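Scroll down for the structure; my scribbles are underneath it.
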Amino acid sequence: MIMKKISFLISAILILTISCKEANKNTETIPADETFDEVTQEQEEVTEEKLEQAEGEEEYPELRITLEPKSGSSAKGDVIFTDNNGTVEMTATLMGLSEGEHAIHLHEKADCTADDATSAGGHWNPTFEPHGKWGATEGYHKGDIGNFTADAEGNGTVRFSTDEWCIGCDDEKKNIIGKSVVVHEGSDDFTSQPSGDAGARVSCGGVIQ
Ligand SMILES: [Cu+2]
Ligand SMILES: [Zn+2]
């Protein structure tokens, strides 16, 4: 009789232990919701980061173009335009030029297909002013960037910034998209019409978004 009672107790303990373990298992599976919440939170954080990045890109759009040799020259380069809160900054890096002064302009068409780059058309002049030095009271084209100097190795850098340009805005008197960057064999005298008598077009690149 005692033995039976003991075995009953043992079985009871065993059953209790097993059901406890199962209960534990059940409680272990409950936090699944927590895990889901954590994942959702992480995803939200990633989405926010992406939004911040997109906003940053909108504020500072950057445009890179390549200038190809034209008119039998070996002049080439890269131009970077950035729009920083309404001021467009241009940095042009040229190589393969002859030593000395060269004119650089924005021309009216983003078409550099012709061997002599005449396909780029004349200077970009949306305000119908005479050709001149940038900022001159007598007038100037919106493409009249000016001159820069190439060193003895044929390298030159141009830095220019203005709030009279924009990258892709709705104002066609400011929007540089669809124009081209042209570098000339000679320098701009700022007085000869319509283009400063700067000689052959030795390097050209279209400003296309
Ligand atoms: Cu030009
Ligand atoms: Zn001009």
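Within each chain, counting starts at residue 1; across the structure tokens, chains are named A, B, ... in the order shown, with ligands numbered 1 upward in that order.
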**At most 7 Å from ligand 2 (only C-alpha atoms and all ligand atoms): residue list as a PyMOL selection string** = chain A and resi 123+131-132+140-141+143-144+194-196
For the residues in that selection, give me N, CA and C atoms as a PDB file, in the first residue's frame.
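Once everything was written out, this is selection.pdb:
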ATOM      1  N   HIS A 123      26.768  81.083 -77.560  1.00  0.00           N
ATOM      2  CA  HIS A 123      26.761  81.192 -76.095  1.00  0.00           C
ATOM      3  C   HIS A 123      25.326  81.140 -75.575  1.00  0.00           C
ATOM      4  N   HIS A 131      27.489  89.944 -75.548  1.00  0.00           N
ATOM      5  CA  HIS A 131      28.565  89.155 -74.946  1.00  0.00           C
ATOM      6  C   HIS A 131      29.426  90.085 -74.094  1.00  0.00           C
ATOM      7  N   GLY A 132      29.945  89.573 -72.989  1.00  0.00           N
ATOM      8  CA  GLY A 132      30.796  90.412 -72.143  1.00  0.00           C
ATOM      9  C   GLY A 132      31.413  89.659 -70.985  1.00  0.00           C
ATOM     10  N   TYR A 140      26.069  90.761 -70.269  1.00  0.00           N
ATOM     11  CA  TYR A 140      26.861  89.536 -70.449  1.00  0.00           C
ATOM     12  C   TYR A 140      25.893  88.386 -70.640  1.00  0.00           C
ATOM     13  N   HIS A 141      26.389  87.338 -71.286  1.00  0.00           N
ATOM     14  CA  HIS A 141      25.589  86.119 -71.456  1.00  0.00           C
ATOM     15  C   HIS A 141      25.617  85.308 -70.166  1.00  0.00           C
ATOM     16  N   GLY A 143      26.163  82.403 -70.114  1.00  0.00           N
ATOM     17  CA  GLY A 143      27.203  81.397 -70.330  1.00  0.00           C
ATOM     18  C   GLY A 143      28.610  81.969 -70.351  1.00  0.00           C
ATOM     19  N   ASP A 144      28.752  83.277 -70.085  1.00  0.00           N
ATOM     20  CA  ASP A 144      30.072  83.932 -70.177  1.00  0.00           C
ATOM     21  C   ASP A 144      30.907  83.722 -68.910  1.00  0.00           C
ATOM     22  N   PRO A 194      29.815  87.873 -81.520  1.00  0.00           N
ATOM     23  CA  PRO A 194      28.985  87.580 -80.333  1.00  0.00           C
ATOM     24  C   PRO A 194      29.637  86.670 -79.306  1.00  0.00           C
ATOM     25  N   SER A 195      30.958  86.386 -79.450  1.00  0.00           N
ATOM     26  CA  SER A 195      31.494  85.324 -78.583  1.00  0.00           C
ATOM     27  C   SER A 195      32.918  85.543 -78.098  1.00  0.00           C
ATOM     28  N   GLY A 196      33.419  86.775 -78.164  1.00  0.00           N
ATOM     29  CA  GLY A 196      34.713  87.066 -77.535  1.00  0.00           C
ATOM     30  C   GLY A 196      35.932  86.633 -78.307  1.00  0.00           C
TER      31      GLY A 196
END
**Request:** Enumerate residues in contact with ligand 1: an atom-to-atom distance of at most 7 Å, counting only C-alpha atoms and all ligand atoms. Format the result as a list in words.
**Result:** Ala103, Ile104, His105, Leu106, His107, His123, Val182, Val183, His184, Ser195 and Arg201 of chain A
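In this model, the gap between CA of Asp163 in chain A and CA of Thr87 in chain A comes to 4.3 Å.
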**Asked** Closest to Glu185 in chain A among A:Lys109, A:Lys173, A:Lys142, A:Lys70, using only C-alpha atoms?
**Response** A:Lys70
**Prompt:** Excluding same-chain residues fewer than 6 positions from Gln209 in chain A, what lies within 9 Å of it counting only C-alpha atoms, as a list in words?
**Reply:** Leu63, Arg64, Ile167, Gly168, Ile177 and Gly178 of chain A
Can you write out the residues you just picked, keeping C-alpha atoms, as a PDB file, in the first residue's frame?
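Wrote it out as part33.pdb, contents follow:
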ATOM      1  CA  LEU A  63      26.018  66.905 -61.741  1.00  0.00           C
ATOM      2  CA  ARG A  64      29.185  65.488 -63.331  1.00  0.00           C
ATOM      3  CA  ILE A 167      20.362  72.800 -61.871  1.00  0.00           C
ATOM      4  CA  GLY A 168      16.991  71.701 -63.223  1.00  0.00           C
ATOM      5  CA  ILE A 177      20.351  71.560 -68.020  1.00  0.00           C
ATOM      6  CA  GLY A 178      20.403  71.116 -71.796  1.00  0.00           C
TER       7      GLY A 178
END
Pull the closest atom pair for each residue of range 108-166 of chain A that gets at most 10 Å from range 76-85 of chain A, along with the distance in Å to one decimal, counting only C-alpha atoms, ordering rows by chain and then ascending residue number, as JSON lines.
{"residue": "A:Asn155", "atom": "CA", "partner": "A:Gly77", "partner_atom": "CA", "distance": 9.3}
{"residue": "A:Gly156", "atom": "CA", "partner": "A:Gly77", "partner_atom": "CA", "distance": 9.4}
{"residue": "A:Thr157", "atom": "CA", "partner": "A:Gly77", "partner_atom": "CA", "distance": 9.5}
{"residue": "A:Val158", "atom": "CA", "partner": "A:Val79", "partner_atom": "CA", "distance": 9.0}
{"residue": "A:Arg159", "atom": "CA", "partner": "A:Val79", "partner_atom": "CA", "distance": 9.8}
{"residue": "A:Phe160", "atom": "CA", "partner": "A:Phe81", "partner_atom": "CA", "distance": 9.5}
{"residue": "A:Ser161", "atom": "CA", "partner": "A:Phe81", "partner_atom": "CA", "distance": 9.2}
{"residue": "A:Thr162", "atom": "CA", "partner": "A:Asp83", "partner_atom": "CA", "distance": 9.6}
{"residue": "A:Asp163", "atom": "CA", "partner": "A:Asp83", "partner_atom": "CA", "distance": 9.1}
{"residue": "A:Trp165", "atom": "CA", "partner": "A:Asp83", "partner_atom": "CA", "distance": 8.9}
{"residue": "A:Cys166", "atom": "CA", "partner": "A:Asp83", "partner_atom": "CA", "distance": 6.8}
**Prompt:** Which is closest to Ala120 in chain A among A:Ser192, A:Ser203, A:Ser180, A:Ser187, if we use only C-alpha atoms?
**Reply:** A:Ser180
**Message:** What's around Pro69 in chain A at 9 Å? Count only C-alpha atoms, leave out sequence neighbours fewer than 2 positions away in its own chain, and write the answer as a ChimeraX atom specification.
**Reply:** /A:67,71-77,96,115,201-204
**Request:** Enumerate, as a PyMOL selection string, the complete set of residues in range 46-204 of chain A that a backbone-based DSSP assignment places in alpha helix (DSSP H).
**Result:** chain A and resi 46-59
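Interatomic distance, CA of Gly121 in chain A to CA of Glu89 in chain A: 23.3 Å.
Across the structure, CA of Trp134 in chain A and CA of Glu153 in chain A are spaced 27.6 Å apart.
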**Item:** Residue among A:Ile208, A:Ala117, A:Ile176, A:Leu94 lying closest to Ala150 in chain A, counting only C-alpha atoms
**Value:**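 The shortest atom-to-atom distance to Ala150 in chain A comes from A:Leu94.
Minimum distance to His102 in chain A across A:Asp188, A:Glu138, A:Asp170, A:Glu129 (counting only C-alpha atoms) occurs at A:Asp188.
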